[in-house]
file upload.txt (compact mmCIF, C-alpha atoms)
# COMPACT_ATOMS: atom_id res chain seq x y z
CA MET A 1 141.95 230.02 -37.97
CA THR A 2 139.43 228.99 -35.36
CA ALA A 3 140.40 226.39 -32.79
CA THR A 4 139.08 222.97 -33.56
CA ALA A 5 136.81 221.23 -31.10
CA ASP A 6 139.65 218.76 -30.57
CA ALA A 7 142.08 221.54 -29.61
CA VAL A 8 139.58 222.95 -27.10
CA SER A 9 138.97 219.50 -25.62
CA GLU A 10 142.72 218.89 -25.37
CA VAL A 11 143.43 222.10 -23.48
CA ARG A 12 140.39 221.61 -21.24
CA ALA A 13 141.74 218.15 -20.34
CA LEU A 14 144.64 220.00 -18.67
CA ILE A 15 142.36 221.85 -16.24
CA GLY A 16 143.48 221.04 -12.70
CA VAL A 17 146.76 219.43 -13.82
CA ALA A 18 149.98 220.81 -12.28
CA GLN A 19 152.47 221.80 -15.01
CA TYR A 20 155.87 223.45 -15.28
CA GLU A 21 157.02 222.70 -11.76
CA GLU A 22 160.24 224.62 -11.09
CA THR A 23 162.56 225.44 -8.21
CA GLY A 24 163.90 228.98 -7.85
CA GLU A 25 167.39 229.63 -9.26
CA PHE A 26 168.64 231.06 -5.95
CA PRO A 27 167.52 231.33 -2.33
CA VAL A 28 165.44 234.31 -1.23
CA GLU A 29 167.95 236.99 -0.30
CA ARG A 30 168.04 240.26 1.50
CA GLY A 31 169.79 242.27 -1.23
CA TYR A 32 166.82 241.93 -3.53
CA ILE A 33 164.45 242.66 -0.66
CA TRP A 34 166.22 245.96 -0.03
CA THR A 35 166.38 246.79 -3.75
CA THR A 36 162.63 246.29 -3.99
CA CYS A 37 161.95 248.32 -0.83
CA ALA A 38 164.23 251.09 -2.16
CA SER A 39 162.39 251.14 -5.49
CA VAL A 40 159.13 252.09 -3.76
CA GLU A 41 160.64 253.78 -0.68
CA ASN A 42 159.08 251.18 1.64
CA GLY A 43 160.42 251.75 5.16
CA ASN A 44 158.42 248.95 6.84
CA PRO A 45 160.75 247.88 9.70
CA LEU A 46 159.91 244.22 9.06
CA PHE A 47 162.35 244.41 6.15
CA TRP A 48 164.99 246.71 7.67
CA ASP A 49 165.06 246.13 11.44
CA ASP A 50 166.02 242.63 12.63
CA THR A 51 164.78 243.29 16.15
CA VAL A 52 161.31 244.43 15.09
CA ALA A 53 161.07 241.60 12.53
CA GLY A 54 162.05 239.10 15.20
CA ALA A 55 159.41 240.40 17.59
CA ILE A 56 156.52 240.64 15.10
CA THR A 57 157.15 238.01 12.43
CA GLY A 58 159.53 235.64 14.22
CA GLY A 59 162.44 236.73 12.02
CA LEU A 60 163.13 238.53 8.77
CA ILE A 61 160.64 238.15 5.95
CA ALA A 62 160.40 239.27 2.32
CA PRO A 63 157.68 241.67 1.17
CA PRO A 64 154.73 239.42 0.29
CA THR A 65 154.28 241.06 -3.13
CA MET A 66 157.76 239.84 -4.14
CA LEU A 67 156.43 236.28 -4.67
CA SER A 68 156.94 236.18 -8.42
CA VAL A 69 160.29 238.01 -8.24
CA TRP A 70 162.08 234.86 -7.08
CA PHE A 71 161.17 233.03 -10.29
CA ARG A 72 162.16 235.46 -13.00
CA PRO A 73 165.29 233.90 -14.50
CA HIS A 74 168.57 235.75 -14.84
CA HIS A 75 168.90 237.55 -18.15
CA TRP A 76 171.78 235.23 -18.97
CA ALA A 77 173.39 232.20 -17.37
CA PRO A 78 176.21 230.01 -18.70
CA GLY A 79 175.10 227.04 -20.78
CA ARG A 80 171.46 227.46 -19.93
CA ASP A 81 168.72 226.31 -22.27
CA ALA A 82 165.94 228.80 -22.86
CA PRO A 83 163.99 228.94 -19.58
CA HIS A 84 160.25 228.58 -19.40
CA LEU A 85 158.49 231.84 -19.76
CA PRO A 86 156.64 232.94 -16.65
CA LEU A 87 153.03 231.84 -17.22
CA GLN A 88 154.07 229.35 -19.90
CA ILE A 89 150.51 227.94 -19.93
CA HIS A 90 149.27 231.33 -21.19
CA PHE A 91 151.56 231.10 -24.21
CA ASP A 92 150.71 227.41 -24.72
CA LEU A 93 147.00 228.30 -24.89
CA LYS A 94 147.58 231.08 -27.43
CA GLU A 95 149.41 228.65 -29.68
CA ARG A 96 147.15 225.64 -29.25
CA LEU A 97 143.95 227.64 -29.69
CA GLY A 98 145.33 229.68 -32.63
CA LEU A 99 144.89 233.04 -30.88
CA PRO A 100 147.75 235.39 -31.84
CA GLU A 101 146.98 238.22 -29.39
CA ALA A 102 146.42 238.14 -25.65
CA VAL A 103 146.00 240.47 -22.69
CA MET A 104 145.84 239.90 -18.95
CA SER A 105 142.64 241.47 -17.66
CA ASN A 106 143.33 241.09 -13.96
CA ASN A 107 145.30 239.10 -11.46
CA THR A 108 144.89 238.15 -7.82
CA ILE A 109 147.55 237.23 -5.27
CA VAL A 110 146.66 235.37 -2.06
CA PHE A 111 149.35 235.26 0.61
CA TYR A 112 149.92 232.35 2.99
CA ASP A 113 153.05 231.55 5.07
CA PRO A 114 155.67 234.34 5.07
CA VAL A 115 158.67 234.02 2.73
CA ARG A 116 162.01 234.37 4.52
CA PRO A 117 165.61 234.98 3.44
CA GLY A 118 167.22 231.61 2.73
CA ASP A 119 164.00 229.98 1.58
CA VAL A 120 164.20 228.03 -1.66
CA LEU A 121 160.80 228.33 -3.28
CA SER A 122 159.17 226.14 -5.87
CA THR A 123 156.33 226.91 -8.22
CA ARG A 124 153.85 225.17 -10.47
CA GLN A 125 151.21 226.36 -12.91
CA ILE A 126 147.64 225.04 -13.01
CA LEU A 127 145.02 225.84 -15.66
CA ARG A 128 141.69 226.44 -13.91
CA SER A 129 139.27 227.27 -16.75
CA VAL A 130 138.91 228.00 -20.49
CA SER A 131 135.74 229.82 -21.56
CA ASP A 132 133.59 229.30 -24.62
CA GLU A 133 134.26 231.74 -27.45
CA LYS A 134 133.48 235.38 -26.59
CA THR A 135 133.64 238.65 -28.53
CA THR A 136 134.91 241.82 -26.83
CA LYS A 137 136.00 245.21 -28.20
CA LEU A 138 139.45 243.69 -28.74
CA GLY A 139 138.30 240.79 -30.86
CA THR A 140 136.97 237.25 -30.64
CA GLY A 141 138.62 234.65 -28.44
CA ARG A 142 138.54 232.91 -25.09
CA PHE A 143 139.14 233.83 -21.45
CA TRP A 144 141.21 231.54 -19.29
CA VAL A 145 142.28 231.45 -15.63
CA ILE A 146 145.73 230.18 -14.62
CA ASP A 147 146.89 229.68 -11.01
CA VAL A 148 150.56 229.87 -10.09
CA GLU A 149 151.21 228.19 -6.74
CA TYR A 150 154.31 228.90 -4.67
CA ALA A 151 155.65 226.71 -1.84
CA ASN A 152 158.73 226.82 0.36
CA GLN A 153 161.37 224.09 0.87
CA SER A 154 159.15 222.48 3.55
CA GLY A 155 156.25 222.20 1.13
CA ALA A 156 154.24 224.90 2.92
CA LEU A 157 152.12 227.03 0.60
CA VAL A 158 153.36 230.63 0.60
CA GLY A 159 151.07 232.11 -2.05
CA VAL A 160 148.85 231.65 -5.07
CA GLU A 161 148.61 234.02 -8.01
CA SER A 162 145.58 233.76 -10.30
CA TYR A 163 145.71 235.33 -13.73
CA THR A 164 142.75 235.94 -16.04
CA GLY A 165 143.87 236.12 -19.66
CA PHE A 166 141.99 236.79 -22.87
CA GLY A 167 143.46 235.31 -26.06
CA TYR A 168 141.92 236.67 -29.24
CA ARG A 169 142.05 237.50 -32.91
CA ARG A 170 141.77 241.22 -33.60
CA ALA A 171 138.45 242.75 -34.55
CA PRO A 172 138.53 244.69 -37.87
CA SER A 173 139.09 248.04 -36.06
CA PRO A 174 140.73 247.08 -32.78
CA ASP A 175 141.12 249.38 -29.82
CA ALA A 176 144.55 249.46 -28.23
CA GLY A 177 145.06 246.91 -25.48
CA VAL A 178 146.72 247.60 -22.16
CA SER A 179 150.29 246.43 -21.93
CA SER A 180 151.57 244.97 -18.71
CA MET B 1 159.42 247.98 26.59
CA SER B 2 159.43 245.38 23.85
CA PRO B 3 160.85 246.48 20.49
CA GLU B 4 157.57 246.10 18.63
CA ALA B 5 155.94 248.46 21.12
CA THR B 6 157.82 251.34 19.49
CA VAL B 7 156.18 250.91 16.06
CA PRO B 8 152.76 252.34 15.15
CA VAL B 9 149.89 249.84 15.33
CA LEU B 10 146.52 250.24 13.63
CA LEU B 11 143.85 248.27 15.51
CA LEU B 12 140.64 247.03 13.89
CA GLY B 13 138.52 249.16 16.22
CA GLU B 14 140.15 252.30 14.83
CA VAL B 15 138.90 251.55 11.30
CA ALA B 16 135.42 252.28 9.91
CA LEU B 17 133.74 251.74 6.56
CA GLY B 18 134.35 254.69 4.28
CA ASP B 19 137.59 255.75 5.96
CA ARG B 20 140.08 257.23 3.50
CA LEU B 21 143.74 256.27 3.72
CA PRO B 22 146.36 259.03 3.62
CA GLU B 23 147.15 259.67 -0.05
CA LEU B 24 150.58 258.89 -1.46
CA GLU B 25 151.82 261.22 -4.20
CA TYR B 26 154.96 260.40 -6.16
CA ASP B 27 156.68 261.95 -9.19
CA VAL B 28 157.62 259.10 -11.52
CA THR B 29 160.92 259.37 -13.37
CA ALA B 30 162.73 257.06 -15.78
CA THR B 31 164.77 255.95 -12.77
CA THR B 32 161.56 254.98 -10.94
CA VAL B 33 160.52 252.78 -13.86
CA VAL B 34 163.93 251.20 -14.47
CA LEU B 35 164.69 250.64 -10.78
CA GLY B 36 161.27 249.07 -10.29
CA ALA B 37 161.69 246.76 -13.28
CA LEU B 38 165.15 245.61 -12.22
CA ALA B 39 164.10 245.20 -8.58
CA SER B 40 161.41 242.81 -9.79
CA ARG B 41 163.86 241.08 -12.16
CA ASP B 42 161.86 242.12 -15.19
CA TRP B 43 164.39 242.61 -17.98
CA ARG B 44 161.86 243.23 -20.76
CA PRO B 45 162.90 246.22 -22.86
CA MET B 46 159.66 248.19 -22.66
CA HIS B 47 160.55 248.90 -19.03
CA HIS B 48 163.99 250.40 -19.76
CA ASP B 49 164.32 251.16 -23.51
CA LYS B 50 162.23 254.12 -24.65
CA ASP B 51 162.78 253.43 -28.38
CA PHE B 52 161.53 249.88 -27.94
CA ALA B 53 158.50 251.00 -25.91
CA VAL B 54 157.53 253.61 -28.51
CA GLU B 55 158.20 251.55 -31.62
CA ARG B 56 157.09 248.10 -30.47
CA ASN B 57 154.52 248.77 -27.75
CA GLY B 58 153.10 251.95 -29.24
CA THR B 59 153.35 253.74 -25.90
CA ARG B 60 154.80 257.21 -25.43
CA ASP B 61 157.60 256.06 -23.14
CA ILE B 62 158.77 253.22 -20.91
CA PHE B 63 156.18 252.36 -18.26
CA LEU B 64 155.92 250.92 -14.72
CA ASN B 65 155.68 247.13 -14.74
CA THR B 66 152.94 245.25 -12.91
CA PRO B 67 155.07 243.56 -10.19
CA ASN B 68 156.55 246.91 -9.15
CA GLN B 69 153.09 248.45 -9.01
CA ALA B 70 152.17 245.64 -6.60
CA ALA B 71 155.12 246.74 -4.45
CA TRP B 72 153.82 250.33 -4.52
CA PHE B 73 150.37 249.16 -3.40
CA GLU B 74 151.93 247.09 -0.60
CA ARG B 75 153.93 250.07 0.65
CA PHE B 76 150.83 252.31 0.49
CA LEU B 77 148.80 249.86 2.60
CA THR B 78 151.43 249.03 5.21
CA ASP B 79 152.40 252.70 5.61
CA TRP B 80 148.85 252.97 6.96
CA THR B 81 148.59 249.77 9.02
CA GLY B 82 152.13 249.69 10.38
CA PRO B 83 154.16 246.48 10.38
CA HIS B 84 151.52 244.43 12.22
CA GLY B 85 149.31 244.72 9.12
CA ARG B 86 149.52 241.47 7.12
CA LEU B 87 148.41 241.31 3.50
CA GLY B 88 145.92 238.55 2.75
CA LYS B 89 144.82 239.15 -0.81
CA MET B 90 145.22 241.67 -3.62
CA THR B 91 143.35 241.81 -6.95
CA PHE B 92 144.71 244.12 -9.63
CA ARG B 93 143.08 245.55 -12.72
CA MET B 94 145.39 247.25 -15.17
CA LEU B 95 143.60 250.05 -17.02
CA GLY B 96 146.43 252.22 -18.33
CA SER B 97 150.17 252.78 -18.17
CA VAL B 98 152.25 255.00 -15.88
CA PHE B 99 155.11 256.89 -17.55
CA PRO B 100 158.10 259.04 -16.53
CA GLY B 101 156.86 262.57 -15.95
CA ASP B 102 153.58 261.36 -14.44
CA THR B 103 152.66 262.24 -10.88
CA MET B 104 150.95 259.17 -9.54
CA ILE B 105 148.54 259.34 -6.62
CA LEU B 106 147.60 256.28 -4.60
CA SER B 107 144.35 256.61 -2.68
CA GLY B 108 142.20 254.11 -0.83
CA VAL B 109 138.79 253.75 0.80
CA VAL B 110 137.88 251.13 3.41
CA ASP B 111 135.10 248.90 2.07
CA GLU B 112 135.15 246.01 4.59
CA VAL B 113 135.73 245.71 8.34
CA THR B 114 135.14 242.18 9.64
CA VAL B 115 136.31 239.51 12.06
CA ASP B 116 136.40 235.99 10.64
CA ASP B 117 135.43 232.80 12.48
CA SER B 118 139.01 232.30 13.67
CA GLY B 119 138.99 235.74 15.32
CA CYS B 120 141.19 237.43 12.71
CA GLY B 121 140.40 241.09 11.99
CA TRP B 122 140.18 242.05 8.31
CA VAL B 123 140.08 245.38 6.54
CA GLY B 124 139.15 245.61 2.86
CA VAL B 125 140.53 248.59 0.95
CA ASP B 126 139.60 249.74 -2.54
CA VAL B 127 142.87 251.28 -3.78
CA SER B 128 143.42 253.32 -6.93
CA LEU B 129 146.55 254.52 -8.66
CA SER B 130 145.69 257.65 -10.67
CA VAL B 131 147.49 260.14 -12.89
CA ASP B 132 145.82 263.49 -13.60
CA GLY B 133 142.52 262.06 -12.37
CA ASP B 134 142.66 259.03 -14.67
CA VAL B 135 142.66 255.70 -12.84
CA LYS B 136 145.55 253.61 -14.21
CA THR B 137 145.38 250.60 -11.87
CA THR B 138 142.96 249.46 -9.19
CA CYS B 139 143.70 247.07 -6.34
CA ASP B 140 141.11 245.42 -4.13
CA ALA B 141 143.11 244.55 -1.04
CA ARG B 142 142.35 242.58 2.10
CA VAL B 143 144.67 243.22 5.05
CA ALA B 144 144.63 241.62 8.49
CA VAL B 145 145.14 244.00 11.43
CA PRO B 146 145.19 243.25 15.16
CA VAL B 147 141.81 243.15 16.88
CA ASP B 148 143.45 244.34 20.13
CA ALA B 149 146.86 245.16 21.56
CA ASP B 150 147.58 241.49 22.33
CA ASP B 151 146.75 240.25 18.83
CA ASN B 152 149.27 239.76 16.01
CA PRO B 153 148.05 238.58 12.59
CA TRP B 154 151.56 237.31 11.79
CA SER B 155 151.21 234.64 14.50
CA ARG B 156 148.41 232.98 12.53
CA THR B 157 148.99 229.79 10.53
CA GLY B 158 146.89 226.96 9.12
CA ALA B 159 143.15 227.22 9.77
CA ARG B 160 143.70 230.43 11.75
CA TRP B 161 144.85 232.23 8.57
CA GLN B 162 142.06 232.50 6.00
CA PRO B 163 143.13 235.13 3.45

call {"tool": "encode", "arguments": {"input": "upload.txt", "output": "structure tokens"}}
result
Amino acid sequence: MTATADAVSEVRALIGVAQYEETGEFPVERGYIWTTCASVENGNPLFWDDTVAGAITGGLIAPPTMLSVWFRPHHWAPGRDAPHLPLQIHFDLKERLGLPEAVMSNNTIVFYDPVRPGDVLSTRQILRSVSDEKTTKLGTGRFWVIDVEYANQSGALVGVESYTGFGYRRAPSPDAGVSS
Amino acid sequence: MSPEATVPVLLLGEVALGDRLPELEYDVTATTVVLGALASRDWRPMHHDKDFAVERNGTRDIFLNTPNQAAWFERFLTDWTGPHGRLGKMTFRMLGSVFPGDTMILSGVVDEVTVDDSGCGWVGVDVSLSVDGDVKTTCDARVAVPVDADDNPWSRTGARWQP
């Protein structure tokens, strides 16, 4: 099935519109910061030494690359409806454009104000672009760019992730894609 | 002496185009992969269940997830800059997977040394994560470092922070 012109127009109408606004399930906390630092043996004193963190960053902070960590839902929670998938817009586009396969070709993270223990972050997803139909070695489909913005409880921007996805139908002899 | 004076500081004037960062070599185990996935709250089975990874993803084993690779790149960069180094931007390209049993090597080359119009010093680094000479992930990173001993990129906000 090829997407109808109407379907393409409908998804393009969402470009620039904030969707799926959510608040984190729990405040940023030091236990997860240490678990992450331990997983990569990161001894940066900003995360381990309160005195150094106070002097350099005005208090404890979380590793900047942990931005998305604070929004992955618990594996289970009592009485919870199915949570939104991270990057729900990506899955919406696959469905609405009739493209069963998809890969992420690259992603960019831009860091703004530091994230600190105790912060309650919020996020929203914004579709930035949907390309015309393209054919790659994987198949025929469309590229799209989705921004995920993160802000703290004061409304200050703490980071923006941009994801480039390619949704496609397989070519007759597809090469293997890269899993993330 | 102030407490921050005891930590290493990389100043912009000590960095030149083409400089190579000290390599980071690490033997990846199943524990590395599982710990990294759980630390990033990624419960998907291909990062902890080998049968699932082989049968459903078609890979030879469980593999490092993307958010934990970002944490590895961050550690690699700030090991070099010291804690005054402040990440501005990272762009990742995923080219292949990293499995238990792999020895991954992170390496980086400086490809930008600039001062922006707010006076912030920036270093661009082209970072690669390789296994047996095959590049698995690349990361174009932009990191702010102090322009002199009195500067601190972490003190920058608003228009003075242009990542």

call {"tool": "atom_distance", "arguments": {"input": "upload.txt", "atom1": "atom CA of B:Asp126", "atom2": "atom CA of B:Thr138"}}
result
7.5 Å

call {"tool": "atom_distance", "arguments": {"input": "upload.txt", "atom1": "atom CA of B:Glu25", "atom2": "atom CA of B:Ser107"}}
result
8.9 Å

call {"tool": "closest_atom_pairs", "arguments": {"input": "upload.txt", "of": "chain A", "to": "chain B", "cutoff": "7 Å", "atoms": "all atoms listed in the file", "output": "tab-separated table"}}
result
residue	atom	partner	partner_atom	distance
A:Tyr32	CA	B:Ala39	CA	6.6
A:Thr35	CA	B:Ala39	CA	5.6
A:Thr36	CA	B:Ala39	CA	4.9
A:Ser39	CA	B:Gly36	CA	5.3
A:Val40	CA	B:Trp72	CA	5.6
A:Asn42	CA	B:Arg75	CA	5.4
A:Asn44	CA	B:Pro83	CA	6.1
A:Pro45	CA	B:Pro83	CA	6.8
A:Leu46	CA	B:Pro83	CA	6.3
A:Thr51	CA	B:Pro3	CA	6.7
A:Val52	CA	B:Glu4	CA	5.4
A:Ala55	CA	B:Glu4	CA	6.1
A:Ile56	CA	B:Glu4	CA	6.6
A:Thr57	CA	B:Trp154	CA	5.7
A:Thr65	CA	B:Ala71	CA	5.9
A:Val69	CA	B:Ser40	CA	5.2
A:Arg72	CA	B:Arg41	CA	5.9
A:His75	CA	B:Trp43	CA	6.8
A:Ser105	CA	B:Arg93	CA	6.4
A:Asn106	CA	B:Arg93	CA	4.6
A:Asn107	CA	B:Phe92	CA	5.4
A:Thr108	CA	B:Thr91	CA	4.1
A:Ile109	CA	B:Met90	CA	5.3
A:Val110	CA	B:Lys89	CA	4.4
A:Phe111	CA	B:Gly88	CA	5.2
A:Val178	CA	B:Gly96	CA	6.0
A:Ser180	CA	B:Thr66	CA	6.0

call {"tool": "write_last_selection", "arguments": {"input": "upload.txt", "atoms": "C-alpha atoms", "output": "CSV table (one decimal), keeping the file's coordinate frame"}}
result
chain,number,residue,atom,x,y,z
A,32,TYR,CA,166.8,241.9,-3.5
A,35,THR,CA,166.4,246.8,-3.8
A,36,THR,CA,162.6,246.3,-4.0
A,39,SER,CA,162.4,251.1,-5.5
A,40,VAL,CA,159.1,252.1,-3.8
A,42,ASN,CA,159.1,251.2,1.6
A,44,ASN,CA,158.4,249.0,6.8
A,45,PRO,CA,160.8,247.9,9.7
A,46,LEU,CA,159.9,244.2,9.1
A,51,THR,CA,164.8,243.3,16.2
A,52,VAL,CA,161.3,244.4,15.1
A,55,ALA,CA,159.4,240.4,17.6
A,56,ILE,CA,156.5,240.6,15.1
A,57,THR,CA,157.2,238.0,12.4
A,65,THR,CA,154.3,241.1,-3.1
A,69,VAL,CA,160.3,238.0,-8.2
A,72,ARG,CA,162.2,235.5,-13.0
A,75,HIS,CA,168.9,237.6,-18.2
A,105,SER,CA,142.6,241.5,-17.7
A,106,ASN,CA,143.3,241.1,-14.0
A,107,ASN,CA,145.3,239.1,-11.5
A,108,THR,CA,144.9,238.2,-7.8
A,109,ILE,CA,147.6,237.2,-5.3
A,110,VAL,CA,146.7,235.4,-2.1
A,111,PHE,CA,149.4,235.3,0.6
A,178,VAL,CA,146.7,247.6,-22.2
A,180,SER,CA,151.6,245.0,-18.7

call {"tool": "closest_residue", "arguments": {"input": "upload.txt", "among": "A:Gly155, A:Gly31, A:Gly54, A:Pro63", "to": "B:Gly85", "atoms": "all atoms listed in the file"}}
result
A:Pro63

call {"tool": "residues_around", "arguments": {"input": "upload.txt", "residues": "A:Gly118", "least_positions_apart": "5", "cutoff": "9 Å", "atoms": "all atoms listed in the file", "output": "VMD selection string"}}
result
chain A and resid 26 to 30

call {"tool": "residues_around", "arguments": {"input": "upload.txt", "residues": "B:Gly124", "least_positions_apart": "2", "cutoff": "9 Å", "atoms": "all atoms listed in the file", "output": "PyMOL selection string"}}
result
chain B and resi 17+109-114+122+126+140-144

call {"tool": "residues_around", "arguments": {"input": "upload.txt", "residues": "stretch 142-152 of chain A", "least_positions_apart": "2", "cutoff": "8 Å", "atoms": "all atoms listed in the file", "output": "JSON, numbers by chain"}}
result
{"A": [67, 87, 89, 90, 115, 119, 120, 121, 122, 123, 124, 125, 126, 127, 128, 129, 130, 131, 132, 133, 134, 140, 154, 155, 156, 157, 158, 159, 160, 161, 162, 163, 164, 165, 166, 167, 168]}

call {"tool": "residues_near_point", "arguments": {"input": "upload.txt", "point": "(159.0, 261.1, -13.0)", "cutoff": "10 Å", "atoms": "all atoms listed in the file", "output": "list in words"}}
result
Tyr26, Asp27, Val28, Thr29, Ala30, Thr31, Thr32, Val33, Val98, Phe99, Pro100, Gly101, Asp102, Thr103 and Met104 of chain B

call {"tool": "atom_distance", "arguments": {"input": "upload.txt", "atom1": "atom CA of A:Pro114", "atom2": "atom CA of A:Ala53"}}
result
11.7 Å

call {"tool": "residues_near_point", "arguments": {"input": "upload.txt", "point": "(163.6, 231.6, -13.2)", "cutoff": "6 Å", "atoms": "all atoms listed in the file", "output": "VMD selection string"}}
result
chain A and resid 24 to 25 71 to 73

call {"tool": "write_last_selection", "arguments": {"input": "upload.txt", "atoms": "C-alpha atoms", "output": "PDB file, keeping the file's coordinate frame"}}
result
ATOM      1  CA  GLY A  24     163.900 228.980  -7.850  1.00  0.00           C
ATOM      2  CA  GLU A  25     167.390 229.630  -9.260  1.00  0.00           C
ATOM      3  CA  PHE A  71     161.170 233.030 -10.290  1.00  0.00           C
ATOM      4  CA  ARG A  72     162.160 235.460 -13.000  1.00  0.00           C
ATOM      5  CA  PRO A  73     165.290 233.900 -14.500  1.00  0.00           C
TER       6      PRO A  73
END

call {"tool": "build_atoms", "arguments": {"input": "upload.txt", "residues": "stretch 146-161 of chain A", "atoms": "N, CA, C and O atoms", "output": "short mmCIF file (atom, residue, chain, number, x, y, z; two decimals), in the coordinates of the input"}}
result
data_model
loop_
_atom_site.label_atom_id
_atom_site.label_comp_id
_atom_site.auth_asym_id
_atom_site.auth_seq_id
_atom_site.Cartn_x
_atom_site.Cartn_y
_atom_site.Cartn_z
N ILE A 146 144.56 231.00 -14.94
CA ILE A 146 145.73 230.18 -14.62
C ILE A 146 146.15 230.52 -13.18
O ILE A 146 146.30 231.70 -12.84
N ASP A 147 146.34 229.48 -12.36
CA ASP A 147 146.89 229.68 -11.01
C ASP A 147 148.38 229.36 -11.04
O ASP A 147 148.81 228.40 -11.68
N VAL A 148 149.15 230.16 -10.32
CA VAL A 148 150.56 229.87 -10.09
C VAL A 148 150.73 229.70 -8.59
O VAL A 148 150.48 230.64 -7.82
N GLU A 149 151.06 228.48 -8.18
CA GLU A 149 151.21 228.19 -6.74
C GLU A 149 152.68 228.26 -6.36
O GLU A 149 153.55 227.81 -7.11
N TYR A 150 152.95 228.79 -5.18
CA TYR A 150 154.31 228.90 -4.67
C TYR A 150 154.39 228.19 -3.31
O TYR A 150 153.51 228.37 -2.47
N ALA A 151 155.45 227.41 -3.12
CA ALA A 151 155.65 226.71 -1.84
C ALA A 151 157.10 226.89 -1.41
O ALA A 151 157.98 227.15 -2.24
N ASN A 152 157.35 226.73 -0.10
CA ASN A 152 158.73 226.82 0.36
C ASN A 152 159.37 225.42 0.41
O ASN A 152 158.74 224.43 0.02
N GLN A 153 160.62 225.35 0.90
CA GLN A 153 161.37 224.09 0.87
C GLN A 153 160.74 223.03 1.79
O GLN A 153 161.05 221.84 1.66
N SER A 154 159.85 223.45 2.69
CA SER A 154 159.15 222.48 3.55
C SER A 154 157.84 222.02 2.94
O SER A 154 157.11 221.22 3.55
N GLY A 155 157.51 222.56 1.78
CA GLY A 155 156.25 222.20 1.13
C GLY A 155 155.09 223.07 1.56
O GLY A 155 153.97 222.87 1.10
N ALA A 156 155.33 224.03 2.46
CA ALA A 156 154.24 224.90 2.92
C ALA A 156 153.88 225.90 1.82
O ALA A 156 154.76 226.50 1.19
N LEU A 157 152.59 226.07 1.59
CA LEU A 157 152.12 227.03 0.60
C LEU A 157 152.43 228.45 1.08
O LEU A 157 152.12 228.82 2.21
N VAL A 158 153.07 229.24 0.23
CA VAL A 158 153.36 230.63 0.60
C VAL A 158 152.51 231.62 -0.19
O VAL A 158 152.37 232.77 0.22
N GLY A 159 151.94 231.19 -1.31
CA GLY A 159 151.07 232.11 -2.05
C GLY A 159 150.53 231.48 -3.31
O GLY A 159 151.05 230.47 -3.79
N VAL A 160 149.45 232.07 -3.80
CA VAL A 160 148.85 231.65 -5.07
C VAL A 160 148.52 232.90 -5.87
O VAL A 160 147.84 233.81 -5.37
N GLU A 161 149.01 232.95 -7.10
CA GLU A 161 148.61 234.02 -8.01
C GLU A 161 147.62 233.44 -9.00
O GLU A 161 147.82 232.34 -9.53
#
